[in-house]
Each structure stands twice: as structure tokens, then as C-alpha cells.
file run15.cif (mmCIF, C-alpha atoms)
data_work
loop_
_atom_site.group_PDB
_atom_site.id
_atom_site.type_symbol
_atom_site.label_atom_id
_atom_site.label_comp_id
_atom_site.auth_asym_id
_atom_site.auth_seq_id
_atom_site.Cartn_x
_atom_site.Cartn_y
_atom_site.Cartn_z
ATOM 1 C CA MET A 1 4.094 13.313 -47.704
ATOM 2 C CA LEU A 2 1.353 11.596 -49.721
ATOM 3 C CA GLU A 3 3.931 10.435 -52.267
ATOM 4 C CA PHE A 4 5.993 8.919 -49.433
ATOM 5 C CA LEU A 5 2.947 7.082 -48.041
ATOM 6 C CA ILE A 6 2.037 5.709 -51.469
ATOM 7 C CA GLN A 7 5.593 4.420 -51.882
ATOM 8 C CA ASN A 8 5.785 3.034 -48.311
ATOM 9 C CA SER A 9 2.256 1.763 -47.743
ATOM 10 C CA LEU A 10 3.234 0.009 -44.504
ATOM 11 C CA TYR A 11 3.176 3.405 -42.784
ATOM 12 C CA VAL A 12 -0.475 3.749 -43.762
ATOM 13 C CA VAL A 13 -1.113 0.649 -41.630
ATOM 14 C CA LEU A 14 0.830 2.271 -38.796
ATOM 15 C CA ILE A 15 -1.264 5.453 -39.004
ATOM 16 C CA ILE A 16 -4.485 3.420 -38.928
ATOM 17 C CA VAL A 17 -3.377 1.333 -35.941
ATOM 18 C CA LEU A 18 -2.364 4.475 -34.048
ATOM 19 C CA ILE A 19 -5.712 6.152 -34.776
ATOM 20 C CA ILE A 20 -7.566 3.072 -33.474
ATOM 21 C CA TRP A 21 -5.491 2.966 -30.277
ATOM 22 C CA SER A 22 -5.963 6.716 -29.783
ATOM 23 C CA GLY A 23 -9.718 6.366 -30.184
ATOM 24 C CA ILE A 24 -9.924 3.498 -27.694
ATOM 25 C CA PHE A 25 -7.650 5.363 -25.279
ATOM 26 C CA VAL A 26 -9.772 8.535 -25.312
ATOM 27 C CA TYR A 27 -12.894 6.411 -24.863
ATOM 28 C CA LEU A 28 -11.390 4.694 -21.802
ATOM 29 C CA LEU A 29 -10.217 8.024 -20.407
ATOM 30 C CA ARG A 30 -13.728 9.446 -20.635
ATOM 31 C CA LEU A 31 -15.250 6.287 -19.167
ATOM 32 C CA ASP A 32 -12.824 6.546 -16.239
ATOM 33 C CA LYS A 33 -13.832 10.176 -15.672
ATOM 34 C CA LYS A 34 -17.525 9.372 -15.783
ATOM 35 C CA LEU A 35 -17.083 6.559 -13.275
ATOM 36 C CA THR A 36 -15.210 8.896 -10.931
ATOM 37 C CA GLU A 37 -18.109 11.370 -11.085
ATOM 38 C CA LEU A 38 -20.642 8.607 -10.369
ATOM 39 C CA GLU A 39 -18.559 7.346 -7.460
ATOM 40 C CA LYS A 40 -18.579 10.847 -5.960
ATOM 41 C CA ILE A 41 -22.367 11.116 -6.276
ATOM 42 C CA VAL A 42 -22.945 7.691 -4.730
ATOM 43 C CA ALA A 43 -20.522 8.428 -1.878
ATOM 44 C CA GLU A 44 -22.305 11.731 -1.151
ATOM 45 C CA LYS A 45 -25.720 10.034 -1.164
ATOM 46 C CA GLU A 46 -24.431 7.400 1.238
ATOM 47 C CA ARG A 47 -23.132 10.080 3.587
ATOM 48 C CA GLU A 48 -26.495 11.886 3.519
ATOM 49 C CA GLU A 49 -28.336 8.688 4.358
ATOM 50 C CA HIS A 50 -26.098 8.031 7.330
ATOM 51 C CA LEU A 51 -26.661 11.513 8.800
ATOM 52 C CA MET B 1 -9.195 17.846 5.213
ATOM 53 C CA GLN B 2 -6.263 19.670 3.683
ATOM 54 C CA SER B 3 -4.088 16.587 3.693
ATOM 55 C CA LEU B 4 -6.941 14.476 2.350
ATOM 56 C CA THR B 5 -7.352 16.743 -0.692
ATOM 57 C CA GLN B 6 -3.588 16.702 -1.167
ATOM 58 C CA GLU B 7 -3.579 12.938 -0.990
ATOM 59 C CA LEU B 8 -6.459 12.705 -3.458
ATOM 60 C CA ASN B 9 -4.621 15.034 -5.799
ATOM 61 C CA SER B 10 -1.469 12.923 -5.666
ATOM 62 C CA VAL B 11 -3.520 9.772 -6.393
ATOM 63 C CA LYS B 12 -5.089 11.606 -9.328
ATOM 64 C CA MET B 13 -1.662 12.689 -10.558
ATOM 65 C CA LYS B 14 -0.322 9.129 -10.394
ATOM 66 C CA LYS B 15 -3.358 7.871 -12.275
ATOM 67 C CA HIS B 16 -2.936 10.405 -15.046
ATOM 68 C CA LEU B 17 0.750 9.591 -15.236
ATOM 69 C CA PHE B 18 -0.092 5.890 -15.631
ATOM 70 C CA GLN B 19 -2.685 6.586 -18.314
ATOM 71 C CA VAL B 20 -0.560 8.942 -20.402
ATOM 72 C CA GLY B 21 2.460 6.673 -19.896
ATOM 73 C CA LEU B 22 0.487 3.649 -21.071
ATOM 74 C CA TYR B 23 -0.736 5.553 -24.122
ATOM 75 C CA LEU B 24 2.755 6.595 -25.160
ATOM 76 C CA TRP B 25 4.211 3.160 -24.319
ATOM 77 C CA LEU B 26 1.801 1.338 -26.642
ATOM 78 C CA VAL B 27 2.250 3.999 -29.338
ATOM 79 C CA GLY B 28 5.982 3.239 -29.151
ATOM 80 C CA VAL B 29 5.326 -0.501 -29.312
ATOM 81 C CA MET B 30 3.096 -0.090 -32.377
ATOM 82 C CA VAL B 31 5.628 2.122 -34.159
ATOM 83 C CA PHE B 32 8.467 -0.349 -33.526
ATOM 84 C CA ALA B 33 6.296 -3.379 -34.273
ATOM 85 C CA ILE B 34 5.107 -2.137 -37.638
ATOM 86 C CA ALA B 35 8.110 -0.151 -38.834
ATOM 87 C CA SER B 36 10.742 -2.724 -37.774
ATOM 88 C CA PRO B 37 12.361 -4.952 -40.409
ATOM 89 C CA ASN B 38 11.154 -8.553 -40.795
ATOM 90 C CA LYS B 39 13.753 -10.819 -39.261
ATOM 91 C CA VAL B 40 11.956 -14.106 -39.891
ATOM 92 C CA GLY B 41 12.084 -14.658 -43.656
ATOM 93 C CA MET B 42 9.502 -17.416 -43.986
ATOM 94 C CA LEU B 43 6.862 -15.419 -42.115
ATOM 95 C CA ALA B 44 7.348 -12.287 -44.269
ATOM 96 C CA GLU B 45 5.259 -9.351 -43.026
ATOM 97 C CA THR B 46 3.314 -11.604 -40.648
ATOM 98 C CA THR B 47 6.423 -11.692 -38.423
ATOM 99 C CA LYS B 48 4.888 -8.566 -36.924
ATOM 100 C CA ASN B 49 1.945 -10.577 -35.644
ATOM 101 C CA ILE B 50 4.272 -11.841 -32.905
ATOM 102 C CA TYR B 51 4.075 -8.425 -31.259
ATOM 103 C CA PHE B 52 0.279 -8.510 -30.984
ATOM 104 C CA HIS B 53 -0.805 -12.162 -30.996
ATOM 105 C CA VAL B 54 1.579 -13.467 -28.302
ATOM 106 C CA PRO B 55 0.952 -10.605 -25.804
ATOM 107 C CA MET B 56 -2.793 -11.444 -25.884
ATOM 108 C CA ALA B 57 -2.039 -14.898 -24.476
ATOM 109 C CA MET B 58 0.439 -13.514 -21.909
ATOM 110 C CA THR B 59 -2.080 -10.913 -20.777
ATOM 111 C CA ALA B 60 -4.646 -13.707 -20.377
ATOM 112 C CA VAL B 61 -2.224 -15.541 -18.067
ATOM 113 C CA VAL B 62 -1.710 -12.389 -15.978
ATOM 114 C CA ALA B 63 -5.481 -11.854 -15.871
ATOM 115 C CA PHE B 64 -6.203 -15.408 -14.710
ATOM 116 C CA PHE B 65 -3.460 -15.074 -12.105
ATOM 117 C CA THR B 66 -5.107 -11.864 -10.901
ATOM 118 C CA SER B 67 -8.325 -13.862 -10.577
ATOM 119 C CA VAL B 68 -6.514 -16.427 -8.412
ATOM 120 C CA TRP B 69 -5.036 -13.600 -6.319
ATOM 121 C CA PHE B 70 -8.451 -12.128 -5.522
ATOM 122 C CA SER B 71 -9.989 -15.578 -5.089
ATOM 123 C CA VAL B 72 -7.450 -16.360 -2.361
ATOM 124 C CA LYS B 73 -8.112 -12.952 -0.876
ATOM 125 C CA TYR B 74 -11.838 -13.701 -0.869
ATOM 126 C CA LEU B 75 -11.350 -17.053 0.832
ATOM 127 C CA LYS B 76 -9.271 -15.321 3.513
ATOM 128 C CA THR B 77 -11.441 -12.262 4.121
ATOM 129 C CA ARG B 78 -14.913 -13.416 2.921
ATOM 130 C CA ASP B 79 -15.306 -9.906 1.507
ATOM 131 C CA LEU B 80 -17.524 -10.051 -1.600
ATOM 132 C CA GLU B 81 -15.663 -7.135 -3.187
ATOM 133 C CA ASN B 82 -12.694 -9.468 -3.659
ATOM 134 C CA ASP B 83 -14.972 -11.908 -5.430
ATOM 135 C CA MET B 84 -16.026 -9.093 -7.778
ATOM 136 C CA SER B 85 -12.379 -8.385 -8.577
ATOM 137 C CA ALA B 86 -11.792 -12.090 -9.252
ATOM 138 C CA GLU B 87 -14.795 -12.264 -11.563
ATOM 139 C CA ALA B 88 -13.724 -9.142 -13.470
ATOM 140 C CA ALA B 89 -10.200 -10.537 -13.882
ATOM 141 C CA SER B 90 -11.520 -13.883 -15.154
ATOM 142 C CA GLY B 91 -13.766 -12.079 -17.626
ATOM 143 C CA LEU B 92 -10.872 -10.076 -19.038
ATOM 144 C CA GLY B 93 -8.666 -13.189 -19.089
ATOM 145 C CA PHE B 94 -11.394 -14.907 -21.077
ATOM 146 C CA LEU B 95 -11.492 -11.978 -23.523
ATOM 147 C CA PHE B 96 -7.705 -11.898 -24.035
ATOM 148 C CA ASN B 97 -7.613 -15.696 -24.410
ATOM 149 C CA LEU B 98 -10.293 -15.416 -27.095
ATOM 150 C CA LEU B 99 -8.332 -12.643 -28.845
ATOM 151 C CA ALA B 100 -5.231 -14.875 -28.866
ATOM 152 C CA MET B 101 -7.313 -17.698 -30.401
ATOM 153 C CA LEU B 102 -8.873 -15.508 -33.096
ATOM 154 C CA THR B 103 -5.677 -13.685 -34.084
ATOM 155 C CA GLY B 104 -3.860 -17.041 -34.129
ATOM 156 C CA ALA B 105 -6.503 -18.558 -36.409
ATOM 157 C CA ILE B 106 -6.128 -15.726 -38.927
ATOM 158 C CA TRP B 107 -2.360 -16.063 -38.825
ATOM 159 C CA ALA B 108 -2.644 -19.847 -39.232
ATOM 160 C CA LYS B 109 -4.783 -19.425 -42.353
ATOM 161 C CA VAL B 110 -2.052 -17.520 -44.188
ATOM 162 C CA THR B 111 1.015 -19.402 -42.904
ATOM 163 C CA TRP B 112 -0.253 -22.964 -42.326
ATOM 164 C CA GLY B 113 -3.151 -23.048 -44.791
ATOM 165 C CA ALA B 114 -6.211 -23.424 -42.581
ATOM 166 C CA PHE B 115 -7.795 -21.502 -39.710
ATOM 167 C CA TRP B 116 -7.730 -24.484 -37.361
ATOM 168 C CA HIS B 117 -5.301 -27.421 -37.266
ATOM 169 C CA TRP B 118 -5.732 -28.830 -33.756
ATOM 170 C CA ASP B 119 -2.042 -28.080 -33.286
ATOM 171 C CA PRO B 120 -1.208 -28.790 -29.583
ATOM 172 C CA ARG B 121 -1.288 -25.108 -28.728
ATOM 173 C CA GLN B 122 -4.563 -24.539 -30.566
ATOM 174 C CA THR B 123 -5.998 -27.501 -28.711
ATOM 175 C CA THR B 124 -4.794 -26.356 -25.304
ATOM 176 C CA ILE B 125 -5.977 -22.760 -25.778
ATOM 177 C CA PHE B 126 -9.376 -24.191 -26.713
ATOM 178 C CA LEU B 127 -9.340 -26.238 -23.502
ATOM 179 C CA VAL B 128 -8.576 -23.069 -21.530
ATOM 180 C CA PHE B 129 -11.516 -21.441 -23.304
ATOM 181 C CA LEU B 130 -13.783 -24.327 -22.205
ATOM 182 C CA MET B 131 -12.383 -24.352 -18.679
ATOM 183 C CA TYR B 132 -13.210 -20.695 -18.075
ATOM 184 C CA SER B 133 -16.555 -21.003 -19.876
ATOM 185 C CA ALA B 134 -17.383 -23.507 -17.154
ATOM 186 C CA TYR B 135 -16.268 -20.929 -14.545
ATOM 187 C CA PHE B 136 -18.951 -18.521 -15.750
ATOM 188 C CA ALA B 137 -21.514 -21.295 -16.085
ATOM 189 C CA LEU B 138 -20.785 -22.188 -12.455
ATOM 190 C CA ARG B 139 -21.194 -18.573 -11.372
ATOM 191 C CA GLY B 140 -24.475 -18.310 -13.223
ATOM 192 C CA ALA B 141 -25.837 -21.460 -11.640
ATOM 193 C CA VAL B 142 -25.448 -20.536 -7.951
ATOM 194 C CA GLU B 143 -28.033 -18.218 -6.391
ATOM 195 C CA SER B 144 -26.427 -17.295 -3.089
ATOM 196 C CA ALA B 145 -23.666 -14.697 -3.457
ATOM 197 C CA GLU B 146 -21.517 -16.209 -0.683
ATOM 198 C CA LYS B 147 -21.786 -19.730 -2.021
ATOM 199 C CA ARG B 148 -21.119 -18.518 -5.588
ATOM 200 C CA ALA B 149 -18.048 -16.615 -4.422
ATOM 201 C CA GLN B 150 -16.723 -19.578 -2.468
ATOM 202 C CA LEU B 151 -17.265 -22.140 -5.231
ATOM 203 C CA SER B 152 -15.861 -19.978 -8.013
ATOM 204 C CA SER B 153 -12.851 -18.944 -5.898
ATOM 205 C CA VAL B 154 -11.929 -22.580 -5.368
ATOM 206 C CA TYR B 155 -12.592 -23.339 -9.051
ATOM 207 C CA SER B 156 -10.312 -20.460 -10.126
ATOM 208 C CA LEU B 157 -7.635 -21.662 -7.705
ATOM 209 C CA PHE B 158 -7.625 -25.171 -9.158
ATOM 210 C CA SER B 159 -7.953 -24.215 -12.826
ATOM 211 C CA PHE B 160 -4.882 -21.947 -12.813
ATOM 212 C CA PRO B 161 -2.296 -24.759 -12.406
ATOM 213 C CA VAL B 162 -4.104 -26.590 -15.223
ATOM 214 C CA LEU B 163 -3.801 -23.447 -17.345
ATOM 215 C CA ILE B 164 -0.047 -23.319 -16.672
ATOM 216 C CA PHE B 165 0.249 -26.933 -17.797
ATOM 217 C CA LEU B 166 -1.863 -26.305 -20.917
ATOM 218 C CA TYR B 167 -0.148 -23.038 -21.822
ATOM 219 C CA PHE B 168 3.482 -23.753 -21.022
ATOM 220 C CA VAL B 169 4.107 -27.490 -20.588
ATOM 221 C CA LEU B 170 2.025 -29.591 -22.963
ATOM 222 C CA PRO B 171 2.870 -27.662 -26.190
ATOM 223 C CA ARG B 172 6.571 -28.309 -25.415
ATOM 224 C CA MET B 173 6.006 -32.065 -25.139
ATOM 225 C CA VAL B 174 3.884 -32.830 -28.204
ATOM 226 C CA PRO B 175 5.095 -32.121 -31.762
ATOM 227 C CA GLY B 176 3.218 -29.277 -33.372
ATOM 228 C CA LEU B 177 3.295 -26.367 -35.775
ATOM 229 C CA HIS B 178 4.013 -23.585 -33.291
ATOM 230 C CA PRO B 179 7.605 -22.514 -32.697
ATOM 231 C CA GLY B 180 8.939 -24.050 -29.488
ATOM 232 C CA SER B 181 7.493 -27.481 -30.236
ATOM 233 C CA PRO B 182 9.783 -30.440 -29.457
ATOM 234 C CA GLU B 183 12.083 -31.500 -32.280
ATOM 235 C CA GLY B 184 14.018 -34.747 -32.690
ATOM 236 C CA GLY B 185 12.883 -36.158 -29.348
ATOM 237 C CA LYS B 186 14.118 -33.098 -27.453
ATOM 238 C CA ALA B 187 11.651 -30.981 -25.496
ATOM 239 C CA GLY B 188 10.996 -27.604 -27.085
ATOM 240 C CA ILE B 189 12.203 -24.362 -25.596
ATOM 241 C CA ASN B 190 10.124 -21.249 -25.350
ATOM 242 C CA PRO B 191 11.166 -19.090 -28.337
ATOM 243 C CA ALA B 192 10.164 -15.966 -26.416
ATOM 244 C CA ILE B 193 12.963 -16.467 -23.875
ATOM 245 C CA SER B 194 15.396 -18.371 -26.093
ATOM 246 C CA SER B 195 18.587 -16.559 -27.125
ATOM 247 C CA THR B 196 18.079 -17.921 -30.649
ATOM 248 C CA THR B 197 15.326 -15.351 -31.029
ATOM 249 C CA ASP B 198 16.566 -12.019 -32.327
ATOM 250 C CA PRO B 199 17.149 -9.502 -29.467
ATOM 251 C CA MET B 200 15.153 -6.837 -31.307
ATOM 252 C CA ILE B 201 12.154 -9.143 -31.644
ATOM 253 C CA ARG B 202 12.360 -10.007 -27.951
ATOM 254 C CA THR B 203 12.638 -6.363 -26.877
ATOM 255 C CA VAL B 204 9.559 -5.285 -28.832
ATOM 256 C CA LEU B 205 7.685 -8.434 -27.719
ATOM 257 C CA TYR B 206 8.374 -7.876 -23.999
ATOM 258 C CA SER B 207 7.488 -4.178 -24.310
ATOM 259 C CA SER B 208 4.227 -5.102 -25.975
ATOM 260 C CA MET B 209 3.414 -7.658 -23.253
ATOM 261 C CA LEU B 210 4.079 -5.044 -20.585
ATOM 262 C CA GLY B 211 1.880 -2.513 -22.407
ATOM 263 C CA PHE B 212 -1.055 -4.894 -22.770
ATOM 264 C CA VAL B 213 -0.725 -6.042 -19.153
ATOM 265 C CA GLY B 214 -0.907 -2.347 -18.179
ATOM 266 C CA LEU B 215 -4.027 -1.988 -20.321
ATOM 267 C CA PHE B 216 -5.500 -5.057 -18.611
ATOM 268 C CA PHE B 217 -5.046 -3.490 -15.162
ATOM 269 C CA TRP B 218 -6.778 -0.316 -16.290
ATOM 270 C CA LEU B 219 -9.698 -2.255 -17.832
ATOM 271 C CA HIS B 220 -9.912 -4.360 -14.670
ATOM 272 C CA ASN B 221 -10.025 -1.253 -12.508
ATOM 273 C CA LEU B 222 -12.833 0.250 -14.624
ATOM 274 C CA ARG B 223 -14.863 -2.975 -14.569
ATOM 275 C CA VAL B 224 -14.519 -3.471 -10.811
ATOM 276 C CA ARG B 225 -15.572 0.115 -10.106
ATOM 277 C CA GLN B 226 -18.619 -0.309 -12.346
ATOM 278 C CA MET B 227 -19.527 -3.541 -10.536
ATOM 279 C CA LYS B 228 -19.214 -1.905 -7.121
ATOM 280 C CA LEU B 229 -21.405 1.020 -8.195
ATOM 281 C CA SER B 230 -24.025 -1.336 -9.625
ATOM 282 C CA GLU B 231 -24.000 -3.342 -6.419
ATOM 283 C CA LYS B 232 -24.453 -0.222 -4.278
ATOM 284 C CA LEU B 233 -27.272 1.159 -6.433
ATOM 285 C CA HIS B 234 -28.939 -2.234 -6.490
ATOM 286 C CA LEU B 235 -28.846 -2.391 -2.691
ATOM 287 C CA THR B 236 -30.403 1.062 -2.298
ATOM 288 C CA THR B 237 -33.219 0.343 -4.749
ATOM 289 C CA ALA B 238 -33.890 -3.042 -3.161
ATOM 290 C CA SER B 239 -34.306 -1.669 0.379
#
call {"tool": "encode", "arguments": {"input": "run15.cif", "output": "C-alpha cells"}}
result
Amino acid sequence: MLEFLIQNSLYVVLIIVLIIWSGIFVYLLRLDKKLTELEKIVAEKEREEHL
Amino acid sequence: MQSLTQELNSVKMKKHLFQVGLYLWLVGVMVFAIASPNKVGMLAETTKNIYFHVPMAMTAVVAFFTSVWFSVKYLKTRDLENDMSAEAASGLGFLFNLLAMLTGAIWAKVTWGAFWHWDPRQTTIFLVFLMYSAYFALRGAVESAEKRAQLSSVYSLFSFPVLIFLYFVLPRMVPGLHPGSPEGGKAGINPAISSTTDPMIRTVLYSSMLGFVGLFFWLHNLRVRQMKLSEKLHLTTAS
């Protein structure tokens, strides 16, 4: 595997690009989740205020 | 209540499907973009920049169009949430336009010799940069939210046709370094849609554009939700 990557170094670039995209994707996924939680809290607070 | 939870669950499912789909789609694009053979000899390995540099500009166009869409919606409904969506779309359009400029400059350094040549397309993308800088300057200068929304909606509406001219028309009329520039007195054709461009290059390019446009819509959604939450929290602390 390592020998192959040393011979075909372009695939090292591919691995790096994919790791970066994966990192950004997981970050966005977590941000989305956190926003959803906040939206729930704010919606509940609004409902309480109206009662 | 039962149906509401079911509906919420189906919305959640669709969202997850979009997110995972987008992830895999762009993974596929990256694999094909980097592992594919170079079909344009003179560009060598930088041929692969096509798959990342060009989609930035296309995503910017989609983003600025989204801004126009919500601007029109604001002018019709006078609902400030639409103005928020327009602002978020313009901001992301600005970002993707900047990314196209920066990636292009790096590419220009290695293929044309310098970072900046004032090639027609470099000039027009810089004009787009200035045009939308003015959009944010305008927004920052108006105190009243309604007036700000109205002015910037109209500004966005009028700047989009100019963007189309700068992005798609002018670089085909003036000789330049970019592919698709006019040659021998004949207007240039867009290499992205021309059949002279290799079908494999076009397939990966279109897939990449679609992937980045999908990413734009997700980023836009996140930004708008954050803006709405901030607005709501601001209102409750103010009262």
C-alpha cells in the first residue's frame, strides 16, 4: 500500500483532499444539529411566553 | 400530533438523505477529478483545476441569482425574512466569487506567468467583486431595516443582469487568455458547453458544479437559520 502511494503520489493528494472534505462535512453536520437544537429551545420559549 | 411528528421525521429523513448524498457526490467528483487522465496536454496536471476553479464561479452565479430570487420575494411580501435570505445568498456568492478569483490567480501564475494579467475575465470578475462589495457597503450604511431591505433588494435586482454581462458576454467579445475568448474576429464559444471539450471533462465538470451548488444551498440554509435565531434572541433581549 505504502509502496503504491510512493510510486503514484497523485493518490496522496486525493487522500488529503478527501480528508479535508470529510472534516468540513462533519463540521457542517454538527453545526446543523446544534442549530436545530437551538431552534427547538427558542420555539419552546416563544410558546411559553405566549401562554 | 401524530401526523406532525411523522411529517417532521420525513423532513429529517430527506435532509439526511441530501447531506449524505452530497457528501458521497463530492467524494465521487474529487476521485474522478484527481484520478482522471490529463486530456489537455499544455496544462499538464493543472487540467484538474478546471473541476474546482470553474465550479466556484458557477456557484457564485447561482448564489447571486438566489439573492435576486429572495429580493423579488421581499419586494412582493415585505417580509424581512426574505431580505435575510437575500443577504445570506449575496454573502455566499461573494465568497465563491472570491474563491474563483484566488484559485484563478494561482493557476495563472503557473500557466501564464503572473498572478494577475487583467485578462478580460480577470477584469470582469474583479468588477463583480467591487459591485457586490458596494452591496454590503450599502447595507451597512442604512439604519432602518425596511429601507435597507428595499434598497438592497433593488440593488441586487439591477446588479444581476450586469453580472451576466460581465461573466458570460464581455469575455467572449474581447481577446484574452482564458479559453473561450474570441479568435480571428469570431466571437468565442463557452468551452464548458462546446462539443470540442472532451466529454469526460464536461461530465466531471458538470458533476462538480452540481455538487458545489448543493453545498451552497446547505451553507445558505445554515446561515439563514443562524440569522433568524439571532434576530429572535435580539428582539427578546431588547424588549
call {"tool": "resolve_selection", "arguments": {"input": "run15.cif", "expression": "the PyMOL selection byres ((chain A) within 8 of (chain B))", "output": "PDB file with C-alpha atoms, in the frame of the given file"}}
result
ATOM      1  CA  LEU A  10       3.234   0.009 -44.504  1.00  0.00           C
ATOM      2  CA  TYR A  11       3.176   3.405 -42.784  1.00  0.00           C
ATOM      3  CA  VAL A  13      -1.113   0.649 -41.630  1.00  0.00           C
ATOM      4  CA  LEU A  14       0.830   2.271 -38.796  1.00  0.00           C
ATOM      5  CA  VAL A  17      -3.377   1.333 -35.941  1.00  0.00           C
ATOM      6  CA  LEU A  18      -2.364   4.475 -34.048  1.00  0.00           C
ATOM      7  CA  TRP A  21      -5.491   2.966 -30.277  1.00  0.00           C
ATOM      8  CA  SER A  22      -5.963   6.716 -29.783  1.00  0.00           C
ATOM      9  CA  PHE A  25      -7.650   5.363 -25.279  1.00  0.00           C
ATOM     10  CA  LEU A  29     -10.217   8.024 -20.407  1.00  0.00           C
ATOM     11  CA  LEU A  31     -15.250   6.287 -19.167  1.00  0.00           C
ATOM     12  CA  ASP A  32     -12.824   6.546 -16.239  1.00  0.00           C
ATOM     13  CA  LEU A  35     -17.083   6.559 -13.275  1.00  0.00           C
ATOM     14  CA  LEU A  38     -20.642   8.607 -10.369  1.00  0.00           C
ATOM     15  CA  GLU A  39     -18.559   7.346  -7.460  1.00  0.00           C
ATOM     16  CA  VAL A  42     -22.945   7.691  -4.730  1.00  0.00           C
TER      17      VAL A  42
END
call {"tool": "closest_residue", "arguments": {"input": "run15.cif", "among": "B:Met131, B:Leu80, B:Leu102, B:Met209", "to": "Val62 in chain B", "atoms": "all atoms listed in the file"}}
result
B:Met209
call {"tool": "axis_aligned_box", "arguments": {"input": "run15.cif", "around": "range 1-18 of chain A", "padding_each_side": "4 Å", "output": "lines of an AutoDock Vina configuration file"}}
result
center_x = 0.8
center_y = 6.7
center_z = -43.2
size_x = 18.5
size_y = 21.3
size_z = 26.2
call {"tool": "atom_distance", "arguments": {"input": "run15.cif", "atom1": "CA of Phe4 in chain A", "atom2": "CA of Val29 in chain B"}}
result
22.2 Å
call {"tool": "residues_around", "arguments": {"input": "run15.cif", "residues": "range 146-163 of chain B", "least_positions_apart": "6", "cutoff": "12 Å", "atoms": "all atoms listed in the file", "output": "short mmCIF file (atom, residue, chain, number, x, y, z; two decimals) with C-alpha atoms, in the coordinates of the input"}}
result
data_model
loop_
_atom_site.label_atom_id
_atom_site.label_comp_id
_atom_site.auth_asym_id
_atom_site.auth_seq_id
_atom_site.Cartn_x
_atom_site.Cartn_y
_atom_site.Cartn_z
CA ALA B 57 -2.04 -14.90 -24.48
CA MET B 58 0.44 -13.51 -21.91
CA ALA B 60 -4.65 -13.71 -20.38
CA VAL B 61 -2.22 -15.54 -18.07
CA VAL B 62 -1.71 -12.39 -15.98
CA ALA B 63 -5.48 -11.85 -15.87
CA PHE B 64 -6.20 -15.41 -14.71
CA PHE B 65 -3.46 -15.07 -12.10
CA THR B 66 -5.11 -11.86 -10.90
CA SER B 67 -8.32 -13.86 -10.58
CA VAL B 68 -6.51 -16.43 -8.41
CA TRP B 69 -5.04 -13.60 -6.32
CA PHE B 70 -8.45 -12.13 -5.52
CA SER B 71 -9.99 -15.58 -5.09
CA VAL B 72 -7.45 -16.36 -2.36
CA LYS B 73 -8.11 -12.95 -0.88
CA TYR B 74 -11.84 -13.70 -0.87
CA LEU B 75 -11.35 -17.05 0.83
CA LYS B 76 -9.27 -15.32 3.51
CA THR B 77 -11.44 -12.26 4.12
CA ARG B 78 -14.91 -13.42 2.92
CA ASP B 79 -15.31 -9.91 1.51
CA LEU B 80 -17.52 -10.05 -1.60
CA GLU B 81 -15.66 -7.14 -3.19
CA ASN B 82 -12.69 -9.47 -3.66
CA ASP B 83 -14.97 -11.91 -5.43
CA MET B 84 -16.03 -9.09 -7.78
CA SER B 85 -12.38 -8.38 -8.58
CA ALA B 86 -11.79 -12.09 -9.25
CA GLU B 87 -14.80 -12.26 -11.56
CA ALA B 89 -10.20 -10.54 -13.88
CA SER B 90 -11.52 -13.88 -15.15
CA GLY B 91 -13.77 -12.08 -17.63
CA GLY B 93 -8.67 -13.19 -19.09
CA ASN B 97 -7.61 -15.70 -24.41
CA ARG B 121 -1.29 -25.11 -28.73
CA THR B 124 -4.79 -26.36 -25.30
CA ILE B 125 -5.98 -22.76 -25.78
CA PHE B 126 -9.38 -24.19 -26.71
CA LEU B 127 -9.34 -26.24 -23.50
CA VAL B 128 -8.58 -23.07 -21.53
CA PHE B 129 -11.52 -21.44 -23.30
CA LEU B 130 -13.78 -24.33 -22.20
CA MET B 131 -12.38 -24.35 -18.68
CA TYR B 132 -13.21 -20.70 -18.08
CA SER B 133 -16.56 -21.00 -19.88
CA ALA B 134 -17.38 -23.51 -17.15
CA TYR B 135 -16.27 -20.93 -14.54
CA PHE B 136 -18.95 -18.52 -15.75
CA ALA B 137 -21.51 -21.30 -16.08
CA LEU B 138 -20.78 -22.19 -12.46
CA ARG B 139 -21.19 -18.57 -11.37
CA GLY B 140 -24.48 -18.31 -13.22
CA VAL B 169 4.11 -27.49 -20.59
CA LEU B 170 2.02 -29.59 -22.96
CA PRO B 171 2.87 -27.66 -26.19
#
call {"tool": "closest_residue", "arguments": {"input": "run15.cif", "among": "B:Ala141, B:Leu92, B:Ile164, B:Val174", "to": "Pro120 in chain B", "atoms": "only C-alpha atoms"}}
result
B:Val174
call {"tool": "atom_distance", "arguments": {"input": "run15.cif", "atom1": "CA of Trp107 in chain B", "atom2": "CA of Val40 in chain B"}}
result
14.5 Å
call {"tool": "atom_distance", "arguments": {"input": "run15.cif", "atom1": "CA of Leu205 in chain B", "atom2": "CA of Phe52 in chain B"}}
result
8.1 Å
